[in-house]
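Below is model29.cif, holding mmCIF, C-alpha atoms and all ligand atoms.
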```cif
data_my_file
loop_
_atom_site.label_atom_id
_atom_site.label_comp_id
_atom_site.auth_asym_id
_atom_site.auth_seq_id
_atom_site.Cartn_x
_atom_site.Cartn_y
_atom_site.Cartn_z
CA MET X 29 137.61 -151.91 -108.25
CA GLN X 30 137.36 -154.76 -105.75
CA THR X 31 134.45 -154.96 -103.31
CA ILE X 32 135.38 -156.11 -99.81
CA TYR X 33 132.56 -157.40 -97.62
CA GLN X 34 132.86 -157.97 -93.89
CA GLY X 35 131.11 -161.21 -92.97
CA ILE X 36 129.79 -164.33 -94.68
CA SER X 37 126.24 -162.90 -94.54
CA HIS X 38 127.19 -160.97 -97.71
CA LEU X 39 127.65 -164.14 -99.77
CA GLY X 40 124.23 -163.79 -101.47
CA GLU X 41 125.04 -160.24 -102.65
CA ALA X 42 128.46 -161.37 -103.86
CA LEU X 43 126.92 -164.12 -105.98
CA GLU X 44 124.28 -161.97 -107.68
CA GLY X 45 124.24 -162.63 -111.42
CA ALA X 46 125.99 -166.02 -111.20
CA SER X 47 124.34 -168.95 -112.94
CA LYS X 48 126.84 -171.80 -112.28
CA ILE X 49 129.67 -171.68 -109.78
CA LEU X 50 132.95 -173.55 -109.54
CA LEU X 51 133.65 -173.85 -105.81
CA VAL X 52 137.42 -174.12 -105.39
CA CYS X 53 138.30 -175.35 -101.91
CA ASP X 54 140.73 -177.76 -100.29
CA SER X 55 140.44 -180.69 -97.90
CA SER X 56 139.78 -178.39 -94.92
CA PHE X 57 136.41 -177.35 -96.39
CA PRO X 58 134.28 -179.99 -94.54
CA PHE X 59 135.67 -178.67 -91.23
CA LEU X 60 135.06 -174.96 -91.87
CA ASN X 61 132.41 -173.24 -89.76
CA ILE X 62 131.20 -171.37 -92.88
CA LYS X 63 130.61 -174.62 -94.78
CA ASP X 64 126.84 -174.56 -94.20
CA ASP X 65 126.55 -170.94 -95.35
CA ILE X 66 128.30 -171.89 -98.57
CA GLU X 67 126.42 -175.13 -99.15
CA ARG X 68 123.14 -173.26 -98.68
CA MET X 69 123.83 -170.95 -101.64
CA THR X 70 120.99 -171.04 -104.13
CA VAL X 71 123.11 -170.97 -107.30
CA PRO X 72 124.10 -174.47 -108.54
CA TYR X 73 127.77 -175.34 -108.05
CA THR X 74 130.45 -177.92 -108.81
CA VAL X 75 133.31 -178.55 -106.38
CA PHE X 76 136.97 -178.60 -107.42
CA ASP X 77 139.34 -179.73 -104.67
CA GLN X 78 141.96 -181.80 -106.52
CA PHE X 79 145.08 -179.88 -105.51
CA THR X 80 147.68 -179.76 -102.75
CA PRO X 81 149.09 -176.89 -100.66
CA ASN X 82 151.69 -175.04 -102.77
CA PRO X 83 149.62 -176.11 -105.82
CA LEU X 84 150.98 -177.57 -109.05
CA TYR X 85 150.41 -176.39 -112.62
CA GLU X 86 148.86 -179.82 -113.36
CA ASP X 87 146.31 -179.23 -110.57
CA VAL X 88 145.27 -175.97 -112.20
CA CYS X 89 144.85 -177.72 -115.57
CA LYS X 90 142.41 -180.16 -113.96
CA GLY X 91 140.55 -177.20 -112.47
CA VAL X 92 140.29 -175.53 -115.89
CA GLU X 93 138.75 -178.73 -117.30
CA CYS X 94 136.32 -178.94 -114.44
CA PHE X 95 135.29 -175.28 -114.94
CA GLN X 96 134.70 -175.86 -118.66
CA ASN X 97 132.95 -179.24 -118.37
CA ALA X 98 130.53 -177.87 -115.77
CA HIS X 99 129.84 -174.72 -117.87
CA CYS X 100 130.56 -172.37 -114.98
CA ASP X 101 130.52 -168.60 -115.25
CA THR X 102 131.69 -167.75 -111.70
CA ILE X 103 134.43 -169.01 -109.38
CA LEU X 104 134.08 -169.02 -105.61
CA ALA X 105 137.43 -169.65 -103.91
CA VAL X 106 137.32 -170.67 -100.26
CA GLY X 107 140.56 -171.43 -98.45
CA GLY X 108 144.10 -170.28 -97.83
CA GLY X 109 146.52 -168.90 -100.40
CA SER X 110 146.73 -172.28 -102.13
CA SER X 111 142.98 -172.46 -102.90
CA LEU X 112 142.78 -168.80 -103.84
CA ASP X 113 145.77 -169.05 -106.17
CA VAL X 114 144.38 -172.16 -107.91
CA ALA X 115 141.10 -170.30 -108.46
CA LYS X 116 142.91 -167.25 -109.84
CA CYS X 117 144.83 -169.38 -112.35
CA ILE X 118 141.64 -171.19 -113.43
CA LYS X 119 140.10 -167.80 -114.13
CA LEU X 120 143.15 -166.68 -116.13
CA TYR X 121 143.59 -169.90 -118.13
CA CYS X 122 139.99 -170.98 -118.79
CA LYS X 123 139.81 -169.39 -122.24
CA MET X 124 143.36 -170.14 -123.40
CA ALA X 125 144.38 -172.63 -126.13
CA LYS X 126 144.63 -176.15 -124.71
CA ASP X 127 147.47 -177.37 -126.93
CA LYS X 128 150.10 -174.99 -125.48
CA LEU X 129 151.39 -174.45 -121.97
CA TYR X 130 149.12 -171.90 -120.30
CA LEU X 131 152.18 -170.37 -118.63
CA ASP X 132 153.59 -169.42 -122.06
CA GLN X 133 150.44 -167.81 -123.40
CA GLU X 134 149.51 -164.16 -123.36
CA CYS X 135 147.13 -163.32 -120.54
CA ALA X 136 143.88 -161.42 -120.96
CA ASP X 137 140.88 -160.75 -118.75
CA THR X 138 138.49 -163.67 -119.23
CA GLY X 139 135.64 -161.77 -117.60
CA VAL X 140 134.89 -164.70 -115.28
CA ARG X 141 133.62 -163.43 -111.93
CA LEU X 142 135.90 -164.40 -109.03
CA ILE X 143 134.89 -164.27 -105.38
CA ALA X 144 137.43 -165.09 -102.67
CA ILE X 145 136.86 -166.06 -99.05
CA PRO X 146 140.23 -166.41 -97.28
CA THR X 147 140.34 -168.95 -94.46
CA THR X 148 143.90 -168.13 -93.34
CA ALA X 149 145.13 -164.67 -92.33
CA GLY X 150 147.20 -164.77 -94.36
CA THR X 151 148.59 -164.33 -97.71
CA GLY X 152 146.27 -161.45 -98.63
CA SER X 153 145.82 -163.32 -101.92
CA GLU X 154 142.14 -162.27 -101.87
CA SER X 155 143.34 -158.76 -102.77
CA THR X 156 146.46 -159.31 -104.89
CA ARG X 157 147.13 -159.72 -108.61
CA TYR X 158 149.49 -162.62 -107.99
CA ALA X 159 149.17 -166.39 -107.83
CA VAL X 160 151.92 -168.85 -106.96
CA ILE X 161 152.00 -172.32 -108.55
CA TYR X 162 154.75 -174.86 -109.18
CA HIS X 163 155.69 -176.24 -112.61
CA GLU X 164 158.34 -178.97 -112.99
CA GLY X 165 159.56 -178.25 -109.47
CA LYS X 166 159.97 -174.53 -110.09
CA LYS X 167 157.93 -171.77 -108.56
CA GLN X 168 155.97 -169.71 -111.05
CA SER X 169 154.69 -166.26 -110.17
CA VAL X 170 151.57 -165.63 -112.20
CA THR X 171 150.72 -161.92 -112.31
CA HIS X 172 147.75 -160.23 -113.96
CA GLU X 173 145.53 -157.35 -112.96
CA SER X 174 142.37 -159.34 -113.85
CA ILE X 175 143.01 -162.00 -111.19
CA ILE X 176 142.42 -159.58 -108.32
CA PRO X 177 139.16 -161.13 -107.11
CA ASP X 178 136.07 -159.02 -107.92
CA VAL X 179 134.85 -159.60 -104.38
CA ALA X 180 136.64 -160.58 -101.16
CA ILE X 181 134.58 -161.68 -98.18
CA LEU X 182 136.42 -161.42 -94.86
CA GLU X 183 134.87 -163.71 -92.23
CA PRO X 184 137.19 -163.95 -89.20
CA LYS X 185 135.24 -166.72 -87.45
CA VAL X 186 136.65 -169.12 -90.05
CA LEU X 187 140.06 -168.75 -88.35
CA LYS X 188 138.74 -170.67 -85.32
CA THR X 189 139.49 -174.00 -86.96
CA LEU X 190 142.90 -173.06 -88.35
CA PRO X 191 145.49 -175.28 -86.60
CA LEU X 192 147.78 -173.34 -84.25
CA TYR X 193 150.97 -173.87 -86.25
CA GLN X 194 149.21 -172.76 -89.48
CA LYS X 195 147.92 -169.70 -87.63
CA LYS X 196 151.44 -168.74 -86.62
CA CYS X 197 152.80 -169.28 -90.13
CA THR X 198 150.08 -167.41 -91.96
CA MET X 199 150.09 -164.51 -89.50
CA MET X 200 153.85 -164.17 -89.97
CA ASP X 201 153.34 -164.14 -93.75
CA ALA X 202 150.98 -161.18 -93.30
CA PHE X 203 153.37 -159.45 -90.90
CA CYS X 204 156.33 -159.90 -93.26
CA GLN X 205 154.26 -158.65 -96.20
CA GLY X 206 153.44 -155.56 -94.15
CA ILE X 207 157.13 -154.94 -93.43
CA GLU X 208 158.39 -155.81 -96.92
CA SER X 209 155.85 -153.64 -98.71
CA TRP X 210 156.87 -150.77 -96.41
CA TRP X 211 160.54 -150.94 -97.40
CA SER X 212 159.99 -152.01 -101.06
CA VAL X 213 161.52 -149.67 -103.66
CA ASN X 214 158.04 -149.59 -105.26
CA SER X 215 156.28 -148.24 -102.18
CA THR X 216 153.95 -145.26 -102.53
CA ASP X 217 152.26 -143.02 -99.95
CA ALA X 218 149.15 -145.21 -100.28
CA SER X 219 151.00 -148.52 -99.89
CA ARG X 220 153.00 -147.29 -96.87
CA LYS X 221 149.77 -146.27 -95.14
CA LEU X 222 148.41 -149.80 -95.67
CA SER X 223 151.71 -151.35 -94.48
CA LYS X 224 151.77 -149.20 -91.35
CA GLU X 225 148.26 -150.19 -90.33
CA ALA X 226 148.99 -153.86 -91.06
CA VAL X 227 152.21 -153.89 -88.98
CA GLU X 228 150.69 -151.94 -86.08
CA THR X 229 147.63 -154.19 -86.03
CA VAL X 230 149.63 -157.42 -85.95
CA MET X 231 151.85 -156.00 -83.18
CA ARG X 232 148.80 -154.99 -81.14
CA TRP X 233 146.94 -158.31 -81.48
CA TRP X 234 149.34 -161.16 -82.23
CA ARG X 235 149.67 -162.56 -78.70
CA GLU X 236 145.94 -162.58 -78.11
CA TYR X 237 145.37 -164.13 -81.54
CA ILE X 238 147.92 -166.90 -81.11
CA PHE X 239 147.60 -167.67 -77.41
CA GLU X 240 143.99 -166.76 -76.56
CA ASN X 241 142.17 -167.23 -79.86
CA THR X 242 139.68 -164.40 -79.19
CA ASP X 243 137.12 -163.14 -81.72
CA ALA X 244 138.44 -159.57 -81.58
CA SER X 245 142.00 -160.65 -82.33
CA ALA X 246 140.89 -162.88 -85.22
CA GLU X 247 139.00 -159.96 -86.74
CA ALA X 248 142.03 -157.68 -86.33
CA VAL X 249 144.54 -160.12 -87.80
CA MET X 250 142.29 -160.96 -90.75
CA HIS X 251 141.97 -157.23 -91.44
CA ALA X 252 145.74 -156.75 -91.12
CA ALA X 253 146.43 -159.63 -93.53
CA ASN X 254 144.11 -158.09 -96.09
CA LEU X 255 145.77 -154.66 -95.73
CA ALA X 256 149.20 -156.25 -96.16
CA GLY X 257 147.90 -158.02 -99.29
CA GLN X 258 146.65 -154.71 -100.69
CA ALA X 259 150.04 -153.14 -99.95
CA ILE X 260 151.97 -155.99 -101.57
CA CYS X 261 149.69 -155.73 -104.61
CA ILE X 262 151.11 -152.22 -105.11
CA THR X 263 154.76 -152.87 -104.20
CA GLN X 264 155.50 -156.59 -104.78
CA THR X 265 157.49 -158.59 -102.26
CA THR X 266 161.23 -158.26 -101.57
CA ALA X 267 164.21 -160.36 -100.45
CA PRO X 268 162.64 -162.32 -97.54
CA HIS X 269 160.00 -163.69 -99.94
CA ALA X 270 162.59 -164.35 -102.65
CA PHE X 271 164.69 -166.27 -100.12
CA SER X 272 161.71 -168.25 -98.81
CA TYR X 273 160.63 -170.36 -101.78
CA LYS X 274 163.58 -172.76 -101.75
CA ILE X 275 163.41 -172.95 -97.93
CA THR X 276 159.81 -174.12 -98.32
CA SER X 277 160.64 -176.79 -100.88
CA MET X 278 163.90 -178.02 -99.27
CA TYR X 279 162.74 -178.13 -95.66
CA GLN X 280 158.98 -178.61 -96.22
CA MET X 281 158.47 -175.43 -94.25
CA PRO X 282 155.12 -173.62 -94.72
CA HIS X 283 155.32 -170.37 -96.66
CA GLY X 284 154.89 -167.88 -93.79
CA HIS X 285 157.39 -169.68 -91.56
CA ALA X 286 159.93 -169.78 -94.39
CA VAL X 287 159.59 -166.04 -95.04
CA ALA X 288 159.82 -165.15 -91.36
CA VAL X 289 163.07 -167.04 -90.67
CA GLY X 290 164.80 -164.90 -93.30
CA LEU X 291 163.38 -161.46 -92.55
CA PRO X 292 165.37 -160.51 -89.42
CA VAL X 293 168.65 -161.72 -90.96
CA ILE X 294 168.06 -159.72 -94.14
CA TRP X 295 166.81 -156.65 -92.27
CA GLU X 296 169.89 -156.63 -90.02
CA TYR X 297 172.17 -156.78 -93.07
CA MET X 298 170.29 -153.91 -94.71
CA VAL X 299 170.52 -151.73 -91.61
CA ASP X 300 174.30 -152.23 -91.63
CA HIS X 301 174.65 -151.65 -95.40
CA LEU X 302 172.64 -148.55 -96.16
CA ASP X 303 175.53 -147.52 -98.43
CA ARG X 304 174.28 -150.23 -100.82
CA CYS X 305 170.79 -148.72 -100.98
CA ILE X 306 169.27 -149.00 -104.46
CA ASP X 307 166.04 -147.13 -103.70
CA ALA X 308 166.07 -143.99 -105.87
CA ARG X 309 164.84 -142.03 -102.85
CA GLY X 310 168.23 -142.57 -101.19
CA ALA X 311 169.83 -144.05 -98.08
CA ALA X 312 168.51 -141.36 -95.71
CA TYR X 313 164.98 -142.07 -96.89
CA LEU X 314 165.51 -145.81 -96.34
CA ALA X 315 166.95 -145.24 -92.86
CA GLY X 316 163.80 -143.24 -92.12
CA VAL X 317 161.60 -146.11 -93.33
CA PHE X 318 163.46 -148.62 -91.14
CA HIS X 319 162.95 -146.25 -88.22
CA GLU X 320 159.22 -145.93 -88.94
CA ILE X 321 158.82 -149.72 -89.12
CA ALA X 322 160.60 -150.00 -85.77
CA GLN X 323 158.26 -147.40 -84.27
CA ALA X 324 155.22 -149.27 -85.60
CA MET X 325 156.63 -152.29 -83.76
CA GLY X 326 156.85 -150.26 -80.54
CA CYS X 327 160.66 -149.89 -80.69
CA ASP X 328 163.03 -146.91 -80.71
CA ASN X 329 165.28 -148.20 -83.49
CA PRO X 330 165.55 -150.97 -86.10
CA ILE X 331 168.03 -153.05 -84.08
CA ASP X 332 165.55 -153.30 -81.19
CA ALA X 333 162.77 -154.08 -83.66
CA ILE X 334 164.79 -156.91 -85.22
CA GLU X 335 165.40 -158.30 -81.75
CA LYS X 336 161.69 -158.01 -80.98
CA PHE X 337 160.86 -159.86 -84.20
CA ARG X 338 163.24 -162.67 -83.14
CA ARG X 339 161.66 -162.86 -79.67
CA MET X 340 158.23 -163.07 -81.28
CA MET X 341 159.44 -166.04 -83.35
CA ALA X 342 160.95 -167.68 -80.25
CA ASP X 343 157.74 -167.12 -78.23
CA MET X 344 155.82 -168.95 -80.95
CA ASP X 345 158.50 -171.63 -81.13
CA LEU X 346 159.08 -170.95 -84.84
CA LYS X 347 162.56 -172.31 -85.41
CA GLN X 348 165.20 -171.93 -88.13
CA PRO X 349 165.54 -174.68 -90.73
CA VAL X 350 168.21 -177.21 -89.75
CA ALA X 351 170.97 -177.88 -92.28
CA VAL X 352 171.99 -181.50 -92.84
CA ASP X 353 174.59 -181.14 -95.60
CA ARG X 354 175.33 -177.45 -95.03
CA ASP X 355 177.65 -176.61 -97.97
CA ALA X 356 175.53 -178.40 -100.57
CA GLU X 357 172.33 -176.87 -99.21
CA LEU X 358 173.85 -173.38 -99.18
CA ASP X 359 174.78 -173.76 -102.85
CA ILE X 360 171.27 -174.82 -103.81
CA LEU X 361 169.63 -172.13 -101.70
CA SER X 362 171.80 -169.28 -102.93
CA ASN X 363 171.29 -170.25 -106.58
CA SER X 364 167.54 -170.28 -106.13
CA VAL X 365 166.96 -166.59 -105.48
CA ASN X 366 165.01 -164.84 -108.21
CA PRO X 367 166.88 -161.65 -109.17
CA VAL X 368 163.58 -160.00 -110.24
CA ARG X 369 162.39 -160.05 -106.64
CA LEU X 370 165.67 -158.54 -105.52
CA LYS X 371 165.08 -155.53 -107.77
CA ASN X 372 162.32 -154.58 -105.35
CA ASN X 373 164.63 -154.93 -102.36
CA PRO X 374 165.97 -151.57 -101.16
CA VAL X 375 169.54 -152.79 -100.55
CA GLU X 376 171.64 -154.59 -103.15
CA LEU X 377 172.40 -158.23 -102.29
CA SER X 378 175.26 -159.80 -104.26
CA ASN X 379 175.49 -163.57 -104.83
CA ASN X 380 178.15 -163.78 -102.17
CA VAL X 381 176.02 -161.91 -99.64
CA ILE X 382 172.98 -164.07 -100.43
CA LYS X 383 175.00 -167.17 -99.50
CA ILE X 384 176.25 -165.59 -96.27
CA LEU X 385 172.72 -164.58 -95.31
CA TYR X 386 171.44 -168.12 -95.91
CA ASP X 387 174.26 -169.35 -93.70
CA TYR X 388 172.84 -167.18 -90.89
CA ILE X 389 169.29 -168.35 -91.61
CA LEU X 390 170.15 -172.06 -91.30
CA PHE X 391 170.65 -173.57 -87.88
N1 LIG Z 401 148.77 -164.91 -104.31
C1 LIG Z 401 149.40 -164.24 -103.38
O1 LIG Z 401 149.36 -163.00 -103.36
C2 LIG Z 401 150.16 -164.98 -102.35
C3 LIG Z 401 150.82 -164.29 -101.32
C4 LIG Z 401 151.52 -165.05 -100.37
C5 LIG Z 401 151.55 -166.44 -100.46
N2 LIG Z 401 150.91 -167.07 -101.49
C6 LIG Z 401 150.90 -168.54 -101.63
O2 LIG Z 401 149.87 -169.05 -100.77
C7 LIG Z 401 150.20 -170.40 -100.38
C8 LIG Z 401 150.13 -170.52 -98.88
O3 LIG Z 401 148.83 -170.20 -98.45
P1 LIG Z 401 148.44 -170.30 -96.91
O4 LIG Z 401 149.61 -169.95 -96.10
O5 LIG Z 401 147.20 -169.51 -96.74
O6 LIG Z 401 148.19 -171.85 -96.69
P2 LIG Z 401 147.39 -172.99 -97.50
O7 LIG Z 401 146.32 -172.40 -98.35
O8 LIG Z 401 148.40 -173.83 -98.20
O9 LIG Z 401 146.72 -173.77 -96.31
C9 LIG Z 401 147.53 -174.39 -95.33
C10 LIG Z 401 146.79 -175.52 -94.63
O10 LIG Z 401 145.79 -174.97 -93.77
C11 LIG Z 401 144.53 -175.61 -94.02
N3 LIG Z 401 143.49 -174.60 -93.72
C12 LIG Z 401 143.33 -173.42 -94.33
N4 LIG Z 401 142.37 -172.70 -93.73
C13 LIG Z 401 141.89 -173.46 -92.71
C14 LIG Z 401 140.92 -173.26 -91.69
N5 LIG Z 401 140.28 -172.11 -91.56
N6 LIG Z 401 140.69 -174.27 -90.81
C15 LIG Z 401 141.39 -175.43 -90.91
N7 LIG Z 401 142.37 -175.68 -91.81
C16 LIG Z 401 142.61 -174.69 -92.70
C17 LIG Z 401 144.60 -176.06 -95.46
O11 LIG Z 401 143.72 -177.13 -95.69
C18 LIG Z 401 146.06 -176.46 -95.59
O12 LIG Z 401 146.25 -177.77 -95.15
C19 LIG Z 401 151.60 -170.66 -100.92
O13 LIG Z 401 151.51 -171.38 -102.13
C20 LIG Z 401 152.15 -169.25 -101.16
O14 LIG Z 401 153.16 -169.23 -102.13
C21 LIG Z 401 150.21 -166.37 -102.41
#
```

For the file at hand, write its structure as C-alpha cells.
Amino acid sequence: MQTIYQGISHLGEALEGASKILLVCDSSFPFLNIKDDIERMTVPYTVFDQFTPNPLYEDVCKGVECFQNAHCDTILAVGGGSSLDVAKCIKLYCKMAKDKLYLDQECADTGVRLIAIPTTAGTGSESTRYAVIYHEGKKQSVTHESIIPDVAILEPKVLKTLPLYQKKCTMMDAFCQGIESWWSVNSTDASRKLSKEAVETVMRWWREYIFENTDASAEAVMHAANLAGQAICITQTTAPHAFSYKITSMYQMPHGHAVAVGLPVIWEYMVDHLDRCIDARGAAYLAGVFHEIAQAMGCDNPIDAIEKFRRMMADMDLKQPVAVDRDAELDILSNSVNPVRLKNNPVELSNNVIKILYDYILF
C-alpha cells in the first residue's frame, strides 16, 4: 500500500531505512524550489540525470549501471513523468540479467524502495504501475505492480517554476486521465469516484492555476493529478492516450497537449456511436457515464461539455497539430494506434474510423 505525504517536510520520514540513494532527476532540478530540502538529506546519494523528456531505453540502462555502481538501495525520483518513469524502470531492471534486453525479461519485485516527488501536475506517475519509455523509436509501456512508488510526496510549491506551457500540457494530461478513466471499460466504483473528484477539481481550479498561479490552485491541481493517476492505475488509459503517442513523436508535441487535442474529437464520435459500445455494462450505462462527466464539467449534456473542453483549449491557446503532407501523415498516424489500448475504450474504433478521427484532429 502506497503512502502519500503532503509536503516536502515529510522527506526525512520517507527516507527512513535508506543507506544509499540514487537521486533520479532531470535538468530542471537546479531550478526547483525544493532543491535545498533534497540536498540537505542526511543519507548519502548519487545523482542520475542522463536522460531526456520522453526517455529512451538506453537512458534507463545507464541509470541501472549508475544504481549498481553506487551500491544504492533506494531510489528518489524528483521530476515530471519522464524522471519518475526512468526511476521506475531502474527499480524494475536493476536485478535483471545484463546480457539480454530488459524489456524481454520477466519482471519481479526487486524490493528496492522507490520514493517519488512529482514536479508536474501531471501524469500521476507517482501513483501508477506504468512507465513509458522509447526503444528503437517505438513507445514501450512498462507495467508492473511493484513499480508503484512506495511513497509519493506531493509538494505543490514546486509547480511555481513549471513553465506556463508545460503547466497547461501537464494539467490537461491529468484532466484527460480523469475523463478517460471515468469512461474506461475497466472502471470500478472506486475508480469512478477518483475520476469524478479529479475532473471536478480541475474544472473548479484550472483558470486560477493557469492564469493566476495561486498557491491554493496549485495544491488543488496537484491533488487532482494524483487522483487521476490513481484512477488510471485501476482502469488504464483509452483512445485519446493511444492516439497521442504518434502525435507527440511526429509533431514534437508534449504528452498532455497531444492527448488533449484528440479527446474532444474522440468523445464526440463516441457520443454519436453508442450503438458501437463495447463496454459489457451496455450503451445506456455508457450514455449515463458521458452525462455524469458532463455534469462534473458543469454542463447539462456531453455535447456542451465537449464544446467547453474545446473552449478551454482555445483559452489556453493549445492548438491542433498542423499537417504538412496530410495523406502520408494520416497513414502513419492511423497505423500507430495500439489496439490493446483500444480494448479499454468503451466504443469500438475501426481502422477506417481511426483515420477519419485523425483527419479531424489535424489542422
Ligand atoms: N507512468 C505513467 O503513469 C505516465 C502517465 C502519463 C504520462 N507519462 C509519461 O510522462 C512523460 C511526460 O511527463 P511530464 O508531462 O510530467 O513532463 P516531463 O517529465 O517530460 O517534463 C517536461 C519538462 O518540464 C520540466 N519540468 C518539470 N517539472 C518542472 C518544474 N517544477 N519546474 C521547472 N521545470 C520543470 C522538465 O525539465 C522538462 O523539460 C511522458 O513520457 C509520458 O509518456 C507517464

Show me, as a tab-separated table, the residues of stretch 194-278 of chain X having an atom within 12 Å of stretch 92-116 of chain X, each with the closest atom pair and its distance in Å, using all atoms listed in the file.
```
residue	atom	partner	partner_atom	distance
X:Gln194	CA	X:Gly108	CA	10.1
X:Lys195	CA	X:Gly108	CA	10.9
X:Cys197	CA	X:Gly108	CA	11.7
X:Thr198	CA	X:Gly108	CA	8.9
X:Met199	CA	X:Gly108	CA	11.8
X:Asp201	CA	X:Gly109	CA	10.6
X:Ala202	CA	X:Gly109	CA	11.4
X:Met250	CA	X:Gly108	CA	11.8
X:Ala253	CA	X:Gly109	CA	11.5
X:Asn254	CA	X:Gly109	CA	11.9
X:Gly257	CA	X:Gly109	CA	11.0
```

Neighbours of ligand LIG 401 (chain Z) at 8 Å or closer, counting all atoms listed in the file: which residues, as a PyMOL selection string? chain X and resi 54-57+59-60+80-83+107-113+146-161+186-191+194+197-198+201+257+260-261+273+282-284

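Among X:Tyr85, X:Trp210, X:Tyr121, X:Phe337, the residue with the shortest atom-to-atom distance to X:Ala256, counting only C-alpha atoms, is X:Trp210.
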
Rows by chain and residue number, stretch 201-271 of chain X within 12 Å of stretch 163-173 of chain X, shortest pair, all atoms listed in the file, as a tab-separated table:
```
residue	atom	partner	partner_atom	distance
X:Cys261	CA	X:Glu173	CA	9.5
X:Ile262	CA	X:Glu173	CA	10.9
X:Gln264	CA	X:Thr171	CA	10.4
X:Thr265	CA	X:Ser169	CA	11.4
X:His269	CA	X:Ser169	CA	11.8
X:Ala270	CA	X:Lys167	CA	10.6
```

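In this comparison, which uses all atoms listed in the file, the residue of X:Ser245, X:Gln280, X:Ser174, X:Ser219 approaching X:Gln30 most closely is X:Ser174.
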
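Taking all atoms listed in the file into account, those protein, DNA and RNA residues with any atom at most 7 Å away from (161.2, -158.9, -107.9) amount to Gln264, Thr265, Thr266, Pro367, Val368, Arg369, Leu370, Lys371 and Asn372 of chain X.
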
For C-alpha atoms, I'd like the residues from the last selection saved as a PDB file, keeping the file's coordinate frame.
```
ATOM      1  CA  GLN X 264     155.500-156.590-104.780  1.00  0.00           C
ATOM      2  CA  THR X 265     157.490-158.590-102.260  1.00  0.00           C
ATOM      3  CA  THR X 266     161.230-158.260-101.570  1.00  0.00           C
ATOM      4  CA  PRO X 367     166.880-161.650-109.170  1.00  0.00           C
ATOM      5  CA  VAL X 368     163.580-160.000-110.240  1.00  0.00           C
ATOM      6  CA  ARG X 369     162.390-160.050-106.640  1.00  0.00           C
ATOM      7  CA  LEU X 370     165.670-158.540-105.520  1.00  0.00           C
ATOM      8  CA  LYS X 371     165.080-155.530-107.770  1.00  0.00           C
ATOM      9  CA  ASN X 372     162.320-154.580-105.350  1.00  0.00           C
TER      10      ASN X 372
END
```

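For the choices X:Ser223, X:Thr229, X:Thr31, X:Ser378, the atom-to-atom distance to X:Ala144 is smallest for X:Thr31 when using all atoms listed in the file.
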
Between X:Leu222, X:Ala286, X:Ile118, X:Ile36, which is the closest to X:Ser209 once you count all atoms listed in the file? X:Leu222

Listed atoms of stretch 139-152 of chain X, axis-aligned box, 3 Å per side: centre and edge lengths to one decimal in Å, as JSON?
```
{"center_x": 141.1, "center_y": -165.2, "center_z": -105.0, "size_x": 21.0, "size_y": 13.5, "size_z": 31.3}
```

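Remark: for X:Ile181, the closest of the candidate residues X:Glu376, X:Asp132, X:Asp332, X:Glu41 is X:Glu41 (distances computed over all atoms listed in the file).
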
Nearest-residue call for X:Glu225, choices X:Val213, X:Val88, X:Ala252, X:Cys305, using all atoms listed in the file: X:Ala252

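Between atom CA of X:Thr216 and atom CA of X:Thr263 the interatomic distance comes to 7.8 Å.
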
Take the point (133.1, -162.1, -91.7) in the file's coordinates, draw a sphere of radius 9 Å around it, and report as a list in words every protein, DNA or RNA residue with an atom inside or on it, counting only C-alpha atoms. Tyr33, Gln34, Gly35, Ile36, Ser37, His38, Ile181, Leu182, Glu183, Pro184, Lys185, Val186 and Glu247 of chain X

How many Å lie between atom CA of X:Ile49 and atom CA of X:Asp87, rounded to one decimal? 18.3 Å

Near X:Asp345, counting all atoms listed in the file, which residues have an atom at most 10 Å away, once you skip same-chain residues fewer than 5 positions from it, shown as a list in words? Tyr193, Lys196, Arg339 and Met340 of chain X

What is the distance between atom CA of X:Val71 and atom CA of X:Lys48, in Å to one decimal? 6.3 Å
